[in-house]
Structures are given as structure tokens and as C-alpha cells.
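Q: Input: one structure, supplied below.
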Amino acid sequence: MDKFHSLKGIAAPLPIVNIDTDMIIPKQFLKTIKRTGLGVSLFYEMRYDNDGNLIKDFVLNTSPFDQSKILVAGDNFGCGSSREHAPWSLKDFGIRCVISTSFADIFYNNCFQNGILPIVVSPENLDQLMTAAKNQIEFNIDLPEQIIRAGNHSINFEIEEFRKERLLQGLDDIGITLGYQDKINAYEEDKKNKKPWLFKDN
Amino acid sequence: MSNQGPKTLFDKIWSEHLVGQRKDGTNLLYIDRHLVHEVTSPQAFEGLKLSNRPVHRPEATIAVADHNVPTINRQNIEDPQSKIQVETLAKNTKEHGIQYFDLMDQRQGIVHIIGPEQGITQPGMTIVCGDSHTSTHGAFGALAFGIGTSEVEHVLATQTIVQNPAKNMRISVNGELPFGVNSKDLILYIIGKIGTAGGTGHVIEYAGSSIMGLSMEGRMTICNMSIEAGARAGLISPDQTTFNYIKGRPYAPGTEHWDQAVEYWSSLPSDNDANYDHEIVIDSSEIDPMVTWGTSPEDVVSVKGTVPNPSSAKTENKKKSIERSLEYMGLKPGTKITDIKLDKIFIGSCTNGRIEDLRKVASIVKDKKIASHVQAMIVPGSGLVKKQAEEEGIDIILKDAGFEWREAGCSMCLGMNPDQLKPGERCASTSNRNFEGRQGRGGRTHLMSPELAAASAITGNISDIRDFT
């Protein structure tokens, strides 16, 4: 997995609440069997008109926001389906950090699987950052220090330690868990005796 | 979470499935059953291949194609991409020795319909699937939640998931349900009350006499939409209704283990004095048949109500959000809900595609005709639901009324297959999401119960089942 340490750049403001995963990547793009190539379809219905032409005033279609690596968005970002195509499309577009007041659980988790840092801030801080984003002020996201710097603002954020370490080191989660294979096997042996009906295998 | 003291249903399942703690402090949770479908699994299987990793316990996984599949002309999937996805699932499951119900198998259907139908879903289990509506299986007192594709790969490789415990929320609904009010109205009402982020970070346990009085089908509808309230999982205590439903199903415990299983299942309900992080109590007499007016499942209103006015919003953000929804939905504030004219009716999905739902619809539309300006489609949740309905003559009643009778799949709930709304079309839908573009670009979705959708099909407007004779 790609590492994440720190990130510098302007941030795209998207002041809409409840941005769901259908908005982030509509269903017709879920038919792929690959993880890559979805960036062009990110926010498809907001980005393109019925004829497939770019909608000029959508933020990610305007310069310099079309180069954003950071997104500042309204509350409850990523609600809806579990599709990992949502973080895949964000990442493929170039977004590596999303800032909001809250995230849906599955989306939040999916971000970390793909080297994307979702940051939760207070409503007041979101307002400040949204304004800073609109004014094209450079953001500096510092994961080791857990600070967002943007203009005069310096905002601390929380992140669980294991998630932080995984991002900083780009760790392979499955590889780590396979190190506990003996424990998994022992668990299964124990349950085979205690709950045999669960092992009346399909 | 301590091992001492009273425990919730969630706490009990959690501690039973803890394999251990990793050095990074995270918990490894054992997964009893893994359901796999064609859309969120190809990249997971590809990942295994690239790392040369086997599937840890292929027998614990069941696969089916549901999202992409056509509901007419099953022999040939016309969309080449959909076809590749379905074929990829067949190939991957064969390669790894995973049970797969193919399109011609009568057991094929929506993954969350067939799990319970086959008796795969059982109390006290942990169940995951790369689909957010996995919460459905919580109706059996199983801890069931949706996961992303990277986690699908993790479960295939290790039969575990890296997880930290959720918070406990209990929503109790008490009292006899008023006439015309059913499980779908209940869950829509709850989502309206707590909001789409209300359950974030929580597992919601549904309790109270209104919930425990529901059939398994009704309980599944409730737990199914937990995710629309922000909770990854919903739970209902297993009881005799649950055991009766499971007994004798193909994958249910056989007679040799049945008593032992029931004894264990009976120990699962939350202890009386268990502690919850949040508690909500609802009196069912305050609930009407509910309908969504906007583009989020929290945008609910009584069918007797009107479309809200943005100026009544408490915050500027909420005002903007209502304005955006109304513009998308093509609705004016103050419009009576029952004045809203429909173009399409969709009955089906993992929320309301079970035999009980179809029976209700049939009882309402029997000897009637759908309005001439609407197109109505009914998509059974599984091949076996379809077969059962046909044995009961339900298909004849529905076809006589003017409904299209389709093959099983997710269909217009998400419109990945050809069943979609056209821009501006308005649909009464028994599914679970009314997001912008969900049922087709520019399509307008009103979520409601099968009863309301059936009544609405006949009148051609959103209709209150209580006025319908």
C-alpha cells in the first residue's frame, strides 16, 4: 500500500452534506474488475452533463482545483454503499486526503486501505478550512504531527495509532494478520469442539 | 469491554469471536460466514493471486451474482462488462473451491435474501459481505456488516477481520403497530428521527414489543436499513420466531446439533441490565405510513404530510440541502405527498423482495389494474421466492394487474443492470436508497413500504394504504 507522510497543496471545497458513494462513483463504473482507471469518472454526474461534456463550474473541473490532492467536504461524507470504488476513484483522480466533520464507517475504513487520509474536524474548523480552500490557500497536512496548517490556521486532528502507523509505513494488513495464523487455527480447533454446527461446512 | 458484568447481544458475539490482539493493538475477529458477489470481489481475488495467497477456509464462503444480472433474458448478459464480471466470479469461485449459485440455479438471488433462505444465516454468527446491506442478517441475532474489497481479500486470506468494537445503541419500539404501519415505515421513521449519520460508530440493537412482534421478513427489513441510519450493523435478539424460521433449511444445523445450537442461541439476548451508549425509545402509536420526499433516506415524512419548506430548516446547511434535494426531485414546498404523480413502481430489493412482501402486494392489487400512466415492475429477491410466489398464484394476480414479473436480482434498486429510471422519471420504490442518480441518472425515487407502493401503482399517485379499498 502507498505510504502517506505529509501532503502540501490547495484543497477543493465541496460544501455539500451527505455526499454518498453513489455520487462519488456511480453504479455504471462498478463493472470494472480493476482497481485503477476510475479517476476520470469521479463525481461523474456532477462533473459531466448528459452528453458527457465537462460541467465547467463544478469545482474539480476548474483550475487550479482540478489538480487538488485534498478535498474539504460537508458532514457525513461517504455514506451509502461499501464500494471501495469510491476511494479508488478519489485516489486515481489524485485526492489523498479528505477533510469533513464526519465520515461513514465503511468509507472511512476503506480510505486507509488505499493510502488516503480522512480527517475529522469540528464544524467551526470545517468552516475555516472551507473558506481557506475557496481562497486557494495552501494546505499542509502533517500526519506525524497530526496537524493541518492552512494560512493562519493550525488545526490538530485525532487518528487511531494503528491507522497512523499503517499509513506512515504503507503496511500490508493481510501480511500482518497472516503472522497470527497459529492463533486463527487454534481458534478454529476450539470452536469445532464447542460449536460443531458452525463447521458442518457448506 | 470487560468480560465481567452484564453484556449486550453485540458484546456476547464480539467476545466469542475474538481471535486475539495484534501487536498494533487492533483486534482480530473471526468470521463465520462470508458472502461474495460479482461487483466487489474481482479485485480481492486478483489481490490473492498477485500475492500468491490461498483462501483460508473456502467452505465458509458462499458466492452468487446479483447486482449486475438481467431480470429478463437470463441466457445472455448483453452488457459485455457485466458479463465479464459474472464470468469472473464463476471462474474465481471454481478456482478456489467456493460454493457458487450460478444464474441458472433456482437458489440464485440477492445475496441478503438467499443467506437467510438457505439457513446460512444463524444467530451468534459473524457474517460479512462486500455490500453495505449485509446488516440485513442482524435480524437473526448475527453480527453482520458490509466491508470493502480490501477487507474481502483479508477475509478470504485469513477468515478474520481487523476490527475495533462498536458502540452499543438500543432503539426500542413499543406497542401494537397501527393499521397500515409496518416494518418499512418503522425503519424509515427511525432514520428520519436519528438521521443518516445517527448510528455512525454504533451497532443498533432493535428491541421492544413492536420489533419482537415482527416476522423474520419484517425484522430483516428493519436491520437491512441500519446502514441508512449510519450503523454498520443492526441486531435483533434471536427468539422462537427465529428458530422456527431456520429449522429445516438446507444449511441449518441438522438434528444432531439442533438442540445444542438452540441452547447456545438462547443465551445470546442482551442481559437485562446491560449498558448501552445510547438509548432511544419510540411509541409505535406515533408512527404513520412513511415516504421519502428527498435524496437522503432521512428525508422522510408521513404519507399524510407535505413536502417541507427550506425556510423552516434550523441551519443554513440544512436549508441548502433541502433546496438541492427539492430541485433534484422536481418538487415544490407544501405539496401534499399524495398529490405526487408517479411514472414507475419498483417492488423488490434486499429490503422488500421476500415472499411476505409479494403476498402483501398481491393482496392489495388483486382484481385491480395499475394506473394507465405507470409502469410497474416486481422483482422477486430470489429464484426460490419467485417459485414460491408462482406456486401460490401470486404471479398471475400481479400480471393481471399489469405488473411485469421478472427474474431475481438487485435490479432497479441500484440500476446496474438494464432496469433503470430515465431522467426526470419518478418512482415509488420499496428499495433502500433515494440518492441522486441511484436508480438512473436524473431518476427520482420515493422510498416506501410494499403496501404503499402497491396502492400507489393502482392510483398512479403516492397513496396512503389506509385510504385504499
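As shown in the C-alpha cells, the chain order sets the letters A, B, ...; within each chain, residues go from 1, and ligands are also counted from 1 in the order they appear.
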Which residues, written as number ranges by chain, have at least one atom at most 8 Å from B:Arg438, with only C-alpha atoms counted and residues fewer than 5 positions away on the same chain left out?

A: A: 22, 26-27; B: 413-415, 433, 443

Q: Generate a file of the selected residues that holds C-alpha atoms, formatted as a CSV table (one decimal), in the first residue's frame.

A:
```csv
chain,number,residue,atom,x,y,z
A,22,ASP,CA,-23.2,6.8,-5.5
A,26,PRO,CA,-22.0,6.0,-9.9
A,27,LYS,CA,-23.0,2.4,-10.4
B,413,CYS,CA,-32.6,-0.8,-6.5
B,414,LEU,CA,-29.3,0.4,-7.9
B,415,GLY,CA,-29.8,0.1,-11.7
B,433,ARG,CA,-31.7,4.4,-1.2
B,443,GLY,CA,-34.3,9.5,-11.7
```

Q: Would you mind writing down, as a ChimeraX atom specification, each residue of stretch 26-153 of chain A that DSSP on the backbone assigns to strand (DSSP E or B)?

A: /A:48,54,70-73,77,79,97-100,103,117-120,139-142,147-150,153

Q: Give the alpha helix (DSSP H) residues of stretch 80-159 of chain A, as DSSP finds them on the backbone, and put them as a list in words.

A: His85, Ala86, Pro87, Trp88, Ser89, Leu90, Lys91, Asp92, Phe93, Asp105, Ile106, Phe107, Tyr108, Asn109, Asn110, Cys111, Phe112, Pro123, Glu124, Asn125, Leu126, Asp127, Gln128, Leu129, Met130, Thr131, Ala132, Ala133 and Lys134 of chain A

Q: Limited to N, CA and C atoms, could you put the picked residues into a file as an mmCIF file, in the first residue's frame?

A:
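So the final result, stored in again.cif, reads:
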```cif
data_model
loop_
_atom_site.group_PDB
_atom_site.id
_atom_site.type_symbol
_atom_site.label_atom_id
_atom_site.label_comp_id
_atom_site.auth_asym_id
_atom_site.auth_seq_id
_atom_site.Cartn_x
_atom_site.Cartn_y
_atom_site.Cartn_z
ATOM 1 N N HIS A 85 -14.707 1.250 -4.691
ATOM 2 C CA HIS A 85 -14.511 2.050 -5.897
ATOM 3 C C HIS A 85 -14.518 3.544 -5.556
ATOM 4 N N ALA A 86 -15.149 3.919 -4.434
ATOM 5 C CA ALA A 86 -15.186 5.337 -4.052
ATOM 6 C C ALA A 86 -13.780 5.842 -3.717
ATOM 7 N N PRO A 87 -13.081 5.230 -2.746
ATOM 8 C CA PRO A 87 -11.701 5.676 -2.534
ATOM 9 C C PRO A 87 -10.784 5.401 -3.738
ATOM 10 N N TRP A 88 -11.038 4.314 -4.482
ATOM 11 C CA TRP A 88 -10.203 4.068 -5.678
ATOM 12 C C TRP A 88 -10.320 5.231 -6.663
ATOM 13 N N SER A 89 -11.543 5.734 -6.835
ATOM 14 C CA SER A 89 -11.713 6.816 -7.819
ATOM 15 C C SER A 89 -11.114 8.126 -7.304
ATOM 16 N N LEU A 90 -11.251 8.376 -5.995
ATOM 17 C CA LEU A 90 -10.629 9.579 -5.425
ATOM 18 C C LEU A 90 -9.114 9.531 -5.621
ATOM 19 N N LYS A 91 -8.549 8.375 -5.308
ATOM 20 C CA LYS A 91 -7.106 8.232 -5.385
ATOM 21 C C LYS A 91 -6.617 8.335 -6.832
ATOM 22 N N ASP A 92 -7.361 7.722 -7.728
ATOM 23 C CA ASP A 92 -6.973 7.735 -9.134
ATOM 24 C C ASP A 92 -7.025 9.162 -9.700
ATOM 25 N N PHE A 93 -7.933 9.969 -9.155
ATOM 26 C CA PHE A 93 -8.004 11.381 -9.552
ATOM 27 C C PHE A 93 -6.816 12.153 -8.971
ATOM 28 N N ASP A 105 -18.757 4.943 8.342
ATOM 29 C CA ASP A 105 -17.767 3.981 8.856
ATOM 30 C C ASP A 105 -17.043 3.181 7.779
ATOM 31 N N ILE A 106 -17.817 2.626 6.838
ATOM 32 C CA ILE A 106 -17.176 1.722 5.864
ATOM 33 C C ILE A 106 -16.240 2.517 4.946
ATOM 34 N N PHE A 107 -16.718 3.688 4.498
ATOM 35 C CA PHE A 107 -15.877 4.524 3.645
ATOM 36 C C PHE A 107 -14.585 4.907 4.369
ATOM 37 N N TYR A 108 -14.719 5.307 5.622
ATOM 38 C CA TYR A 108 -13.584 5.737 6.436
ATOM 39 C C TYR A 108 -12.517 4.639 6.457
ATOM 40 N N ASN A 109 -12.988 3.435 6.721
ATOM 41 C CA ASN A 109 -12.091 2.295 6.777
ATOM 42 C C ASN A 109 -11.457 2.013 5.416
ATOM 43 N N ASN A 110 -12.279 2.093 4.366
ATOM 44 C CA ASN A 110 -11.776 1.833 3.013
ATOM 45 C C ASN A 110 -10.675 2.805 2.612
ATOM 46 N N CYS A 111 -10.751 4.053 3.084
ATOM 47 C CA CYS A 111 -9.717 5.038 2.751
ATOM 48 C C CYS A 111 -8.341 4.550 3.201
ATOM 49 N N PHE A 112 -8.283 4.071 4.444
ATOM 50 C CA PHE A 112 -6.990 3.650 4.991
ATOM 51 C C PHE A 112 -6.408 2.452 4.255
ATOM 52 N N PRO A 123 -17.095 21.402 13.403
ATOM 53 C CA PRO A 123 -17.825 22.240 12.444
ATOM 54 C C PRO A 123 -17.192 23.622 12.264
ATOM 55 N N GLU A 124 -16.690 24.210 13.348
ATOM 56 C CA GLU A 124 -16.048 25.536 13.252
ATOM 57 C C GLU A 124 -14.793 25.455 12.383
ATOM 58 N N ASN A 125 -13.985 24.431 12.648
ATOM 59 C CA ASN A 125 -12.760 24.278 11.856
ATOM 60 C C ASN A 125 -13.077 23.967 10.393
ATOM 61 N N LEU A 126 -14.150 23.223 10.167
ATOM 62 C CA LEU A 126 -14.508 22.912 8.778
ATOM 63 C C LEU A 126 -14.859 24.203 8.036
ATOM 64 N N ASP A 127 -15.614 25.078 8.721
ATOM 65 C CA ASP A 127 -15.956 26.367 8.100
ATOM 66 C C ASP A 127 -14.698 27.146 7.729
ATOM 67 N N GLN A 128 -13.740 27.174 8.669
ATOM 68 C CA GLN A 128 -12.484 27.902 8.408
ATOM 69 C C GLN A 128 -11.737 27.294 7.222
ATOM 70 N N LEU A 129 -11.686 25.963 7.218
ATOM 71 C CA LEU A 129 -10.929 25.289 6.155
ATOM 72 C C LEU A 129 -11.644 25.400 4.810
ATOM 73 N N MET A 130 -12.984 25.405 4.855
ATOM 74 C CA MET A 130 -13.754 25.547 3.619
ATOM 75 C C MET A 130 -13.447 26.914 2.985
ATOM 76 N N THR A 131 -13.407 27.943 3.854
ATOM 77 C CA THR A 131 -13.090 29.300 3.369
ATOM 78 C C THR A 131 -11.665 29.345 2.824
ATOM 79 N N ALA A 132 -10.750 28.748 3.572
ATOM 80 C CA ALA A 132 -9.351 28.731 3.122
ATOM 81 C C ALA A 132 -9.231 28.018 1.778
ATOM 82 N N ALA A 133 -9.989 26.937 1.619
ATOM 83 C CA ALA A 133 -9.941 26.179 0.364
ATOM 84 C C ALA A 133 -10.453 27.046 -0.787
ATOM 85 N N LYS A 134 -11.589 27.726 -0.540
ATOM 86 C CA LYS A 134 -12.158 28.592 -1.588
ATOM 87 C C LYS A 134 -11.180 29.686 -1.994
#
```

Q: At a cut-off of 12 Å, using only C-alpha atoms, what residues contact A:Lys34? Leave out same-chain residues fewer than 4 positions from it and give the result as a list in words.

A: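 Using only C-alpha atoms, the neighbours found are Phe29, Leu30, Leu38, Glu84, His85, Trp88, Ser89 and Asp92 of chain A; Val39, Thr40, Ser41, Pro42, Gln43, Ala44, Phe45, Glu46, Gly47, Gln81, Ile84, Gln85, Thr88 and Thr149 of chain B.
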
Q: Can you write out the residues you just picked, keeping C-alpha atoms, as a PDB file, in the first residue's frame?

A:
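As written to disk, again.pdb reads:
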```pdb
ATOM      1  CA  PHE A  29     -18.408   2.301 -13.183  1.00  0.00           C
ATOM      2  CA  LEU A  30     -18.610  -0.584 -10.717  1.00  0.00           C
ATOM      3  CA  LEU A  38     -11.711   5.335 -12.100  1.00  0.00           C
ATOM      4  CA  GLU A  84     -14.236   0.566  -2.426  1.00  0.00           C
ATOM      5  CA  HIS A  85     -14.511   2.050  -5.897  1.00  0.00           C
ATOM      6  CA  TRP A  88     -10.203   4.068  -5.678  1.00  0.00           C
ATOM      7  CA  SER A  89     -11.713   6.816  -7.819  1.00  0.00           C
ATOM      8  CA  ASP A  92      -6.973   7.735  -9.134  1.00  0.00           C
TER       9      ASP A  92
ATOM     10  CA  VAL B  39     -19.169  -6.496  -8.090  1.00  0.00           C
ATOM     11  CA  THR B  40     -16.919  -6.152  -5.044  1.00  0.00           C
ATOM     12  CA  SER B  41     -14.909  -9.367  -5.268  1.00  0.00           C
ATOM     13  CA  PRO B  42     -12.866  -9.466  -8.538  1.00  0.00           C
ATOM     14  CA  GLN B  43     -10.148  -7.150  -7.217  1.00  0.00           C
ATOM     15  CA  ALA B  44      -9.963  -9.170  -3.993  1.00  0.00           C
ATOM     16  CA  PHE B  45      -9.363 -12.428  -5.858  1.00  0.00           C
ATOM     17  CA  GLU B  46      -6.857 -10.638  -8.078  1.00  0.00           C
ATOM     18  CA  GLY B  47      -5.053  -9.452  -4.941  1.00  0.00           C
ATOM     19  CA  GLN B  81     -18.693  -5.608 -18.772  1.00  0.00           C
ATOM     20  CA  ILE B  84     -17.148 -10.350 -17.672  1.00  0.00           C
ATOM     21  CA  GLN B  85     -17.853  -9.620 -14.009  1.00  0.00           C
ATOM     22  CA  THR B  88     -15.016 -13.713 -13.372  1.00  0.00           C
ATOM     23  CA  THR B 149     -12.951  -5.071  -1.242  1.00  0.00           C
TER      24      THR B 149
END
```

Q: Kindly indicate which residue among A:Val59, A:Leu54, A:Ile155, A:Met46 lies nearest to A:Leu14, using only C-alpha atoms for the distances.

A: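 Distance minimum relative to A:Leu14 lands on A:Val59.
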
Q: I need the chain A residues near chain B as number ranges by chain; criterion: at most 8 Å, counting only C-alpha atoms.

A: A: 16-18, 20, 22-23, 26-28, 30-35, 45, 76, 79-84, 104-107, 110, 113, 161-162, 173-174, 177-178, 180-181, 183-184, 187, 195-198, 200-202

Q: So, with only C-alpha atoms as the atoms that count, which of B:Leu358, B:Lys422, B:Gly119, B:Val307 lies closest to B:Glu390?

A: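 Nearest to B:Glu390: B:Leu358.
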
Q: Considering only C-alpha atoms, state which residue in the set B:Leu268, B:Pro178, B:Ile191, B:Val36 is at the smallest distance from B:Gly124.

A: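 Looking at the shortest contact to B:Gly124, the residue is B:Leu268.
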
Q: Which residue, B:Pro116, B:Pro6, B:Gly294, B:Pro289, has the smallest gap to B:Asp464 when you use only C-alpha atoms?

A: B:Pro289

Q: Could you pull the residues within 6 Å of B:Ile340, counting only C-alpha atoms, minus those fewer than 2 positions along the same chain, as a PyMOL selection string?

A: chain B and resi 337-338+461-462

Q: Using N, CA and C atoms, can you write the selected residues to a file as a CSV table (one decimal), in the first residue's frame?

A:
```csv
chain,number,residue,atom,x,y,z
B,337,ILE,N,-48.1,15.1,-0.2
B,337,ILE,CA,-47.4,13.9,-0.6
B,337,ILE,C,-48.3,13.0,-1.6
B,338,THR,N,-49.6,13.0,-1.2
B,338,THR,CA,-50.5,12.1,-2.0
B,338,THR,C,-50.9,12.8,-3.3
B,461,ASN,N,-50.7,7.8,-8.1
B,461,ASN,CA,-50.1,8.8,-7.2
B,461,ASN,C,-49.6,8.1,-6.0
B,462,ILE,N,-48.7,8.8,-5.2
B,462,ILE,CA,-48.3,8.2,-3.9
B,462,ILE,C,-49.6,8.2,-3.1
```

Q: What is the distance, in Å and to one decimal place, between atom CA of B:Leu342 and atom CA of B:Leu398?

A: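 According to the coordinates, atom CA of B:Leu342 and atom CA of B:Leu398 are separated by 18.4 Å.
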